[in-house]
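Down below is the structure, laid out as C-alpha cells.
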Amino acid sequence: MFRAPRAVPAWLAHPFRWQRLPVPWAAVVRGALCAGPLLGAGIATGHPAPGVLAGLGSMLAGVNDRPGTRRTGIVHIGLPALASALGMLIGASLQAAGAGWWIVPALFAVGFVSGAGSVAGPVRSNAGMQMLATTVLGAGMPLPGAPWAKALYVLAGCLWLLLLRLVLRPPRPAGGALSGERAAVATVFDALADALGAAGGPGAEPARRRLTAALDRADEALRLRRLTNRLHRPARAEELLLAERFAAATALCEASVALLWEARPLPSRVADSPRRFATALRTGQAPGRVSAPETSTAARGAFDQALLDTAVAFARREPSTRPEPARTRAAAARPAAESGPLPALRRALRIAAGRARPGRGLFEPAGRDYGLRVAVCIAASAAVALLLRADHWYWLPATATFLVKPDLGPLFSRTVNRFAGTVAGVLVFAGAGLLLTGAWWPALVAGAGGALLPFATRHFALQTVAITLMVLSFVHVSGDPQAAAERIVDTSIACGIVLVVGHLPRLANPRRRVGQRVTAALRATERFLRHVLESDPGQDPAQRLALRRAAYRALGEARTAAETAAAELLAARNRNPDWLTVVTAAERIMDAATACAVRLDHGAHRPETAESERLCRALSAMADALDAPRRRRDTTLPDPDLPPFPDCATLTDVAAELERIRGFAGAS
C-alpha cells in the first residue's frame with residue numbers, strides 16, 4: 001500500500017533554510033577594511049591589545065551593517081556601538097576588581113536586561129545582545145589596559161565601520177539626491193508590481209506580505225529623515241516631492257489590496273505601471289504611459305484612480321505644498337518641552353530603533369520571560385565554565401549569548417548551526433595557520449572573515465564561520481595560539497546548556513512570547529476595522545492609512561514571532577493556539593477590511609451601526625481571550641454571534657475569519 005511521504009518537522013527543516021538575498025558589495029568592502037586592518041595596525045605598532053579590541057568593535061558593528069539609508073545605518077550601528085562600549089566597561093571593571101564568582105550574578109543581571117529589551121525592537125535587541133557579549137569578553141579576555149580605555153577602543157572600532165559607511169558611498173544615482181530614500185520608495189513600487197502579478201494565485205498572500213515589509217522600510221526611512229531634518233533646517237522641495245510620491249504609493253497599495261482580495265488574475269499591463277514608477281524614481285526620467293482605466297469592479301476603479309493620482313504626483317516637478325519652516329505648525333502646537341531638537345532626536349531614534357518606547361519590555365510579562373531565559377542560560381554557562389577552568393571561561397557564556405536570544409530564531413536551529421559553523425570556522429582557521437606564516441596571517445584571516453560577514457547574513461551557520469575566524473584571530477594575536485581546539489569543546493558544552501535550560505517549561509512558553517504580538521495585532525486590526533465602518537464618507541484618508549499601516553506592521557511582527565514559535569523543538573502545541581493560523585486569519589481580516597473601505601468609498605452599502613459594533617466587539621473579544629495567559633484548557637472563546645452580511649462580501653469574509661480564529665484558538 002502506497003504511503004504519502006511524511007512532512008519534515010519544522011524544527012528539523014529550519015536549520016537548512018537559506019535566505020536568497022542580493023550580495024551587498026559595498027558592505028563586503030567595508031567589512032574587508034575593518035577587523036583585518038585594525039588588527040594589523042595593532043600588530044605593526046607592537047600594541048596588539050588595542051588592535052584586538054578595535055577589531056572586536058568593528059566585527060560587532062559589521063553584524064549590524066545592513067542595507068538601508070545613511071540615517072538608518074547611523075542608528076542601527078550607533079546604538080549597538082554605545083551598548084558594546086558600555087558592556088566592555090562593565091566587564092573590564094569586573095575583571096579589574098577581581099570579581100571571581102561574583103561574575104555569575106553580575107552576568108545574570110546584564111543578561112536579564114539584555115533579554116527583556118528584546119521586546120522593544122530589533123535594534124535594541126541587537127544592542128542588548130552585544131552589550132552582554134562585550135561584558136562577558138571584557139570580564140574574561142586577559143588584555144592589558146584600564147576599563148575605560150578598553151571601552152573606548154571597542155567604540156573606536158565600531159565608529160570606524162560607521163565612518164566607512166558614511167564616506168564610501170556609491171556614485172550619485174541618475175534619479176538625483178536622496179538615493180537611499182528613493183531606493184526604498186522604488187522598492188515599494190517593485191513589490192506592488194510583484195503582488196499584482198501574483199493576484200489570483202498561491203503566491204498572492206506572500207507577495208502582499210513582502211509589499212507590507214517594503215512599505216515599512218520606506219516609511220521608516222522617510223520619517224527618520226524628516227525628523228532629523230527638523231534638528232537643523234526645514235525640508236527641501238525634493239524631500240517634500242518624494243514624500244508626496246510615497247503618499248501616492250501608499251494609497252495605490254491600499255487599492256491594490258482590494259484587487260488582491262478579489263483573487264482574480266490581472267492582465268500583465270496592470271503590473272507594468274508600478275514598475276514604470278520604480279524606474280522613474282531610480283533614473284529621474286518620466287514614468288511614461290500607464291495602463292488604461294477600467295471600472296469592471298469597485299476595486300479596479302479605485303486602483304485606476306489611485307494610479308492616475310500617482311501619475312500626477314510624478315508629473316509634478318515642484319511639491320504641491322510649500323517647504324515647512326523649521327518650527328512647523330504641529331511643533332508649535334506641542335509644549336516647548338516636546339518640540340525642541342532633543343525630543344525630535346528621541347522620536348527619530350525611536351523610529352529607527354523600533355517603535356516601542358525604551359521603558360517597554362522590562363516590566364511586561366513577555367519581557368520578563370525573555371530576560372529570565374537569557375539570564376539563566378548565561379549564568380549557568382558562566383558557572384559551569386568557572387568550574388571547568390579558570391582561563392578562557394568566557395567561551396561558554398559568550399557562545400550562549402549568541403544562541404539564547406528568543407527573537408533571533410528557533411533555539412534548536414540556532415544551536416545546530418552554531419555548532420556546525422564553529423567547527424567549520426575552526427577547521428578553516430587551522431588550515432590557514434598551516435599554510436600561512438609570519439605574524440601577519442591572523443590579520444589576513446580577520447579581514448577575510450570581515451568581508452564574508454555581510455554575505456553570511458543569509459544563514460546563521462555561515463555567519464558563525466565568519467565570526468569564528470575573526471574571534472580566533474583576535475585570541476591568537478592576544479597570546480593564545482592553542483585556543484582553536486578548546487573552542488569546539490566549549491561550544492559543545494554551551495550548546496548543551498542552552499538546549500536544556502532554554503527549553504524549561506517556564507522559559508519556553510510561546511503563549512507569553514507570541515501571544516502578546518498576536519493580541520496586539522488583533523487589537524490594531526480591530527481599530528482599523530472600527531474606523532472603516534464608523535467613519536463618515538469623504539473623511540480625510542490620512543488617519544485610515546496610518547491605522548492600516550500600524551495594523552499591517554503589527555501583523556508582520558506577529559507572523560515573525562509565530563513562525564519562530566512553530567519551528568521550536570518543544571513548542572507545546574497541544575496547550576497553545578495554532579498561532580500561524582490565527583495570524584493568517586487576522587491578515588485576511590485586514591485584507592477584507594481594506595477591500596471594504598475601498599468599496600464604501602465607491603458607494604457600497606454601509607452596514608448598520610449595531611452590526612458594525614457587534615463585528616468590532618467580536619474581534620476585540622478574540623484579542624481579550626488570547627491575551628489571558630492563565631486561561632484553562634477547557635475554556636472556550638466567546639461565540640461572536642455575528643449577523644449575516646448578504647450585501648457585503650468583505651464583511652462576510654471578516655465574520656468567517658473570526659470564526660476560524662475562534663475555532664483554532666479555542667482548541668488550545
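Here, A, B, ... name the chains of the C-alpha cells in the order displayed, residue numbers run from 1 inside each chain, and ligands are numbered from 1 in the same displayed order.
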
**Asked** Neighbours of Ala96 in chain A within 12 Å (only C-alpha atoms; same-chain residues fewer than 4 positions away dropped), as a PyMOL selection string?
**Response** chain A and resi 88-92+100+103+138-148+150

Expected file: the selected residues, C-alpha atoms, as a compact mmCIF listing (two decimals), in the first residue's frame:
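Output file part_3.txt follows:
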```txt
# COMPACT_ATOMS: atom_id res chain seq x y z
CA MET A 88 33.12 46.31 27.78
CA LEU A 89 33.35 48.91 30.53
CA ILE A 90 31.24 46.75 32.87
CA GLY A 91 33.12 43.55 32.08
CA ALA A 92 36.59 45.08 32.27
CA GLY A 100 35.72 35.92 40.86
CA ILE A 103 30.78 37.47 37.88
CA GLY A 138 35.64 42.20 28.95
CA ALA A 139 35.41 40.15 32.12
CA GLY A 140 37.28 37.18 30.67
CA MET A 141 39.80 38.22 28.00
CA PRO A 142 43.23 38.78 29.59
CA LEU A 143 44.08 42.04 27.84
CA PRO A 144 46.05 44.89 29.44
CA GLY A 145 44.59 48.34 29.89
CA ALA A 146 42.21 50.33 32.02
CA PRO A 147 38.48 49.53 31.72
CA TRP A 148 37.67 52.95 30.24
CA LYS A 150 39.14 49.14 26.59
```

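Residues in contact range of range 466-470 of chain A, defined as at most 8 Å between only C-alpha atoms, with sequence neighbours fewer than 3 positions away removed, read Ala35, Met59, Gly421, Thr422, Gly425, Val426, Val428, Phe429, Val445, Ala446, Gly447, Ala448, Gly449, Gly450, Leu452, Leu453, Ala456, Leu462, Gln463, Ser473 and Phe474 of chain A.
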
Serialized selection, N, CA and C atoms, as a CSV table (one decimal), in the first residue's frame:
```csv
chain,number,residue,atom,x,y,z
A,35,ALA,N,38.0,44.8,10.5
A,35,ALA,CA,38.7,44.0,11.5
A,35,ALA,C,40.1,43.7,11.1
A,59,MET,N,33.9,44.2,14.3
A,59,MET,CA,33.2,43.0,14.0
A,59,MET,C,31.7,43.1,14.5
A,421,GLY,N,28.8,25.8,12.3
A,421,GLY,CA,29.6,26.9,11.9
A,421,GLY,C,30.9,27.0,12.7
A,422,THR,N,30.9,26.8,14.0
A,422,THR,CA,32.1,26.8,14.8
A,422,THR,C,33.1,25.8,14.3
A,425,GLY,N,34.6,26.9,11.0
A,425,GLY,CA,35.5,28.0,11.2
A,425,GLY,C,36.8,27.6,11.9
A,426,VAL,N,36.8,26.7,12.8
A,426,VAL,CA,38.0,26.2,13.5
A,426,VAL,C,38.9,25.5,12.4
A,428,VAL,N,38.9,25.9,9.2
A,428,VAL,CA,39.4,26.8,8.2
A,428,VAL,C,40.6,27.6,8.8
A,429,PHE,N,40.4,28.0,10.1
A,429,PHE,CA,41.5,28.8,10.8
A,429,PHE,C,42.7,27.9,10.9
A,445,VAL,N,43.3,36.7,8.0
A,445,VAL,CA,42.1,35.8,8.2
A,445,VAL,C,41.0,36.7,8.8
A,446,ALA,N,41.3,37.6,9.7
A,446,ALA,CA,40.3,38.5,10.2
A,446,ALA,C,39.7,39.4,9.1
A,447,GLY,N,40.5,39.8,8.1
A,447,GLY,CA,40.0,40.6,7.0
A,447,GLY,C,39.0,39.8,6.1
A,448,ALA,N,39.4,38.5,5.9
A,448,ALA,CA,38.6,37.6,5.1
A,448,ALA,C,37.2,37.4,5.8
A,449,GLY,N,37.3,37.2,7.2
A,449,GLY,CA,36.1,37.0,7.9
A,449,GLY,C,35.2,38.2,7.9
A,450,GLY,N,35.8,39.4,8.0
A,450,GLY,CA,35.0,40.6,7.9
A,450,GLY,C,34.3,40.8,6.6
A,452,LEU,N,33.4,38.4,4.6
A,452,LEU,CA,32.4,37.3,4.5
A,452,LEU,C,31.2,37.7,5.3
A,453,LEU,N,31.3,38.5,6.4
A,453,LEU,CA,30.2,38.7,7.3
A,453,LEU,C,29.0,39.3,6.7
A,456,ALA,N,27.2,36.6,4.8
A,456,ALA,CA,26.8,35.5,5.6
A,456,ALA,C,25.5,35.7,6.3
A,462,LEU,N,26.8,30.1,8.3
A,462,LEU,CA,27.8,30.8,7.6
A,462,LEU,C,28.3,32.1,8.4
A,463,GLN,N,27.3,32.7,9.0
A,463,GLN,CA,27.7,33.9,9.9
A,463,GLN,C,28.6,33.5,11.0
A,473,SER,N,41.3,34.8,15.4
A,473,SER,CA,42.4,35.7,15.0
A,473,SER,C,42.7,36.7,16.2
A,474,PHE,N,41.6,37.2,16.8
A,474,PHE,CA,41.9,38.1,18.0
A,474,PHE,C,42.6,37.4,19.1
```

**Item:** alpha helix (DSSP H) per DSSP on the backbone: members of range 397-538 of chain A, as a PyMOL selection string
**Value:** chain A and resi 397-404+411-435+441-455+460-477+483-502+510-534

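Of the listed residues (A:Val598, A:Ala461, A:Cys158, A:Val119), A:Val119 comes nearest to Ala561 in chain A; the distances count only C-alpha atoms.
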
**Request:** Tell me, as a PyMOL selection string, which residues lie within 9 Å of Ala133 in chain A, counting only C-alpha atoms; anything in the same chain fewer than 5 positions away does not count.
**Result:** chain A and resi 84+87-88+128+138+397-399+401-402

Give me a file of those residues, with C-alpha atoms, as a PDB file, in the first residue's frame.
```pdb
ATOM      1  CA  SER A  84      29.010  47.408  23.237  1.00  0.00           C
ATOM      2  CA  GLY A  87      29.336  46.251  28.156  1.00  0.00           C
ATOM      3  CA  MET A  88      33.118  46.307  27.783  1.00  0.00           C
ATOM      4  CA  GLY A 128      21.344  44.247  24.313  1.00  0.00           C
ATOM      5  CA  GLY A 138      35.636  42.198  28.946  1.00  0.00           C
ATOM      6  CA  PRO A 397      28.804  32.360  28.157  1.00  0.00           C
ATOM      7  CA  ALA A 398      29.923  34.210  25.001  1.00  0.00           C
ATOM      8  CA  THR A 399      28.636  31.325  22.882  1.00  0.00           C
ATOM      9  CA  THR A 401      24.899  34.923  24.261  1.00  0.00           C
ATOM     10  CA  PHE A 402      24.521  34.468  20.511  1.00  0.00           C
TER      11      PHE A 402
END
```

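When only C-alpha atoms are used to measure the gap to Arg209 in chain A, the shortest distance among A:Ala191, A:Leu222, A:Ala379, A:Val532 belongs to A:Ala191.
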
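Take CA of Ala218 in chain A and CA of Glu181 in chain A: the distance between them is 6.8 Å.
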
**Request:** Tell me which of A:Val498, A:Leu411, A:Ala485, A:Ala184 sits closest to Ala567 in chain A, counting only C-alpha atoms.
**Result:** A:Leu411

**Request:** Name the closest residue to Gly121 in chain A among the candidates A:Arg210, A:Gly367, A:Gly46, A:Ala198; distances are taken between atoms, counting only C-alpha atoms.
**Result:**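 Between A:Arg210, A:Gly367, A:Gly46, A:Ala198, the residue approaching Gly121 in chain A most closely is A:Gly367.
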
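If only C-alpha atoms are the atoms counted, then among A:Val123, A:Leu580, A:Ala116, A:Ala280 the closest residue to Leu372 in chain A is A:Ala116.
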
Residues near Thr609 in chain A, anyone? I mean within 10 Å using only C-alpha atoms, not counting same-chain ones fewer than 6 positions away, as a short mmCIF file (atom, residue, chain, number, x, y, z; two decimals) with C-alpha atoms, in the first residue's frame.
```cif
data_model
loop_
_atom_site.label_atom_id
_atom_site.label_comp_id
_atom_site.auth_asym_id
_atom_site.auth_seq_id
_atom_site.Cartn_x
_atom_site.Cartn_y
_atom_site.Cartn_z
CA LEU A 533 -17.11 51.01 9.49
CA GLU A 534 -17.78 54.08 11.61
CA LEU A 615 -18.39 42.80 14.47
#
```

So that I can check the surroundings of Val489 in chain A, please list as a short mmCIF file (atom, residue, chain, number, x, y, z; two decimals) with N, CA, C and O atoms, in the first residue's frame every protein, DNA and RNA residue that reaches within 12 Å of it, counting only C-alpha atoms and ignoring chain neighbours fewer than 6 positions away.
```cif
data_model
loop_
_atom_site.label_atom_id
_atom_site.label_comp_id
_atom_site.auth_asym_id
_atom_site.auth_seq_id
_atom_site.Cartn_x
_atom_site.Cartn_y
_atom_site.Cartn_z
N ALA A 385 31.52 27.11 33.31
CA ALA A 385 32.85 27.44 32.79
C ALA A 385 33.84 27.70 33.91
O ALA A 385 35.00 27.25 33.85
N LEU A 388 34.96 24.41 35.36
CA LEU A 388 35.80 23.58 34.50
C LEU A 388 37.22 24.13 34.39
O LEU A 388 38.18 23.37 34.39
N HIS A 392 40.02 31.18 29.96
CA HIS A 392 39.11 31.01 28.81
C HIS A 392 37.70 30.60 29.22
O HIS A 392 36.98 30.01 28.41
N TRP A 393 37.31 30.91 30.44
CA TRP A 393 35.96 30.55 30.86
C TRP A 393 34.91 31.32 30.06
O TRP A 393 33.75 30.90 29.97
N TRP A 395 34.47 31.61 26.99
CA TRP A 395 33.98 30.98 25.75
C TRP A 395 32.53 30.52 25.90
O TRP A 395 31.70 30.72 25.01
N LEU A 396 32.22 29.87 27.01
CA LEU A 396 30.88 29.30 27.19
C LEU A 396 29.79 30.38 27.24
O LEU A 396 28.83 30.33 26.45
N THR A 399 29.38 32.13 23.85
CA THR A 399 28.64 31.33 22.88
C THR A 399 27.15 31.34 23.19
O THR A 399 26.31 31.48 22.28
N PHE A 419 26.96 25.24 16.21
CA PHE A 419 27.98 24.20 16.35
C PHE A 419 28.63 23.89 15.00
O PHE A 419 29.86 23.80 14.90
N THR A 422 30.88 26.75 13.96
CA THR A 422 32.10 26.83 14.77
C THR A 422 33.12 25.79 14.32
O THR A 422 34.32 26.08 14.18
N VAL A 423 32.66 24.56 14.11
CA VAL A 423 33.56 23.51 13.65
C VAL A 423 34.19 23.88 12.31
O VAL A 423 35.41 23.75 12.10
N VAL A 426 36.76 26.71 12.83
CA VAL A 426 38.00 26.23 13.46
C VAL A 426 38.86 25.49 12.44
O VAL A 426 40.09 25.67 12.39
N ALA A 483 43.89 28.08 21.16
CA ALA A 483 42.51 28.16 21.61
C ALA A 483 41.52 27.52 20.65
O ALA A 483 40.35 27.35 20.99
N CYS A 495 26.23 24.75 23.88
CA CYS A 495 25.03 24.35 23.13
C CYS A 495 24.15 23.42 23.97
O CYS A 495 22.92 23.54 23.98
N GLY A 496 24.79 22.50 24.69
CA GLY A 496 24.02 21.60 25.55
C GLY A 496 23.31 22.33 26.67
O GLY A 496 22.14 22.07 26.97
#
```

**Request:** Could you check how far CA of Val110 in chain A sits from CA of Val75 in chain A, in Å to one decimal?
**Result:**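 Interatomic distance, CA of Val110 in chain A to CA of Val75 in chain A: 22.0 Å.
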
**Complete:** Counting only C-alpha atoms, closest pick from A:Val416, A:Thr212, A:Leu60, A:Ala193 relative to Ser273 in chain A is A:Ala193

**Message:** Taking 4 positions as the minimum chain separation for residues in the same chain, which residues sit within 10 Å of range 253-255 of chain A when counting only C-alpha atoms? Answer as a PyMOL selection string.
**Reply:** chain A and resi 188-189+191-193+195-196+208+211-212+215+247-249+259-260+298-307+545+548-549+591+594-595+597-599

**Asked** Pro481 in chain A: which residues within 12 Å, counting only C-alpha atoms, same-chain residues fewer than 5 positions away excluded, as a list in words?
**Response** Phe429, Ala430, Gly433, Ala439, Pro442, Val471, Leu472, Ser473, Phe474, Val475, His476, Glu486 and Arg487 of chain A

Those selected residues, please, written with N, CA and C atoms and delivered as a PDB file, in the first residue's frame.
```
ATOM      1  N   PHE A 429      40.410  28.024  10.084  1.00  0.00           N
ATOM      2  CA  PHE A 429      41.468  28.774  10.759  1.00  0.00           C
ATOM      3  C   PHE A 429      42.709  27.907  10.940  1.00  0.00           C
ATOM      4  N   ALA A 430      42.524  26.644  11.317  1.00  0.00           N
ATOM      5  CA  ALA A 430      43.675  25.752  11.469  1.00  0.00           C
ATOM      6  C   ALA A 430      44.379  25.537  10.135  1.00  0.00           C
ATOM      7  N   GLY A 433      46.454  28.520   9.380  1.00  0.00           N
ATOM      8  CA  GLY A 433      47.673  28.545  10.174  1.00  0.00           C
ATOM      9  C   GLY A 433      48.756  27.636   9.635  1.00  0.00           C
ATOM     10  N   ALA A 439      53.786  36.851  11.331  1.00  0.00           N
ATOM     11  CA  ALA A 439      52.932  37.420  12.367  1.00  0.00           C
ATOM     12  C   ALA A 439      51.672  38.066  11.806  1.00  0.00           C
ATOM     13  N   PRO A 442      47.091  36.230  10.992  1.00  0.00           N
ATOM     14  CA  PRO A 442      45.779  36.401  11.648  1.00  0.00           C
ATOM     15  C   PRO A 442      45.022  37.629  11.161  1.00  0.00           C
ATOM     16  N   VAL A 471      37.201  35.933  15.646  1.00  0.00           N
ATOM     17  CA  VAL A 471      37.456  35.784  17.079  1.00  0.00           C
ATOM     18  C   VAL A 471      38.737  34.994  17.328  1.00  0.00           C
ATOM     19  N   LEU A 472      38.932  33.919  16.585  1.00  0.00           N
ATOM     20  CA  LEU A 472      40.164  33.143  16.753  1.00  0.00           C
ATOM     21  C   LEU A 472      41.394  33.964  16.363  1.00  0.00           C
ATOM     22  N   SER A 473      41.256  34.846  15.377  1.00  0.00           N
ATOM     23  CA  SER A 473      42.374  35.733  15.028  1.00  0.00           C
ATOM     24  C   SER A 473      42.688  36.678  16.179  1.00  0.00           C
ATOM     25  N   PHE A 474      41.643  37.220  16.813  1.00  0.00           N
ATOM     26  CA  PHE A 474      41.872  38.111  17.958  1.00  0.00           C
ATOM     27  C   PHE A 474      42.557  37.368  19.105  1.00  0.00           C
ATOM     28  N   VAL A 475      42.077  36.166  19.398  1.00  0.00           N
ATOM     29  CA  VAL A 475      42.642  35.399  20.508  1.00  0.00           C
ATOM     30  C   VAL A 475      44.081  34.997  20.211  1.00  0.00           C
ATOM     31  N   HIS A 476      44.357  34.634  18.963  1.00  0.00           N
ATOM     32  CA  HIS A 476      45.723  34.247  18.581  1.00  0.00           C
ATOM     33  C   HIS A 476      46.687  35.409  18.774  1.00  0.00           C
ATOM     34  N   GLU A 486      39.962  24.148  21.897  1.00  0.00           N
ATOM     35  CA  GLU A 486      39.100  24.389  23.043  1.00  0.00           C
ATOM     36  C   GLU A 486      37.778  25.025  22.621  1.00  0.00           C
ATOM     37  N   ARG A 487      37.829  25.783  21.522  1.00  0.00           N
ATOM     38  CA  ARG A 487      36.613  26.449  21.062  1.00  0.00           C
ATOM     39  C   ARG A 487      35.520  25.436  20.719  1.00  0.00           C
TER      40      ARG A 487
END
```
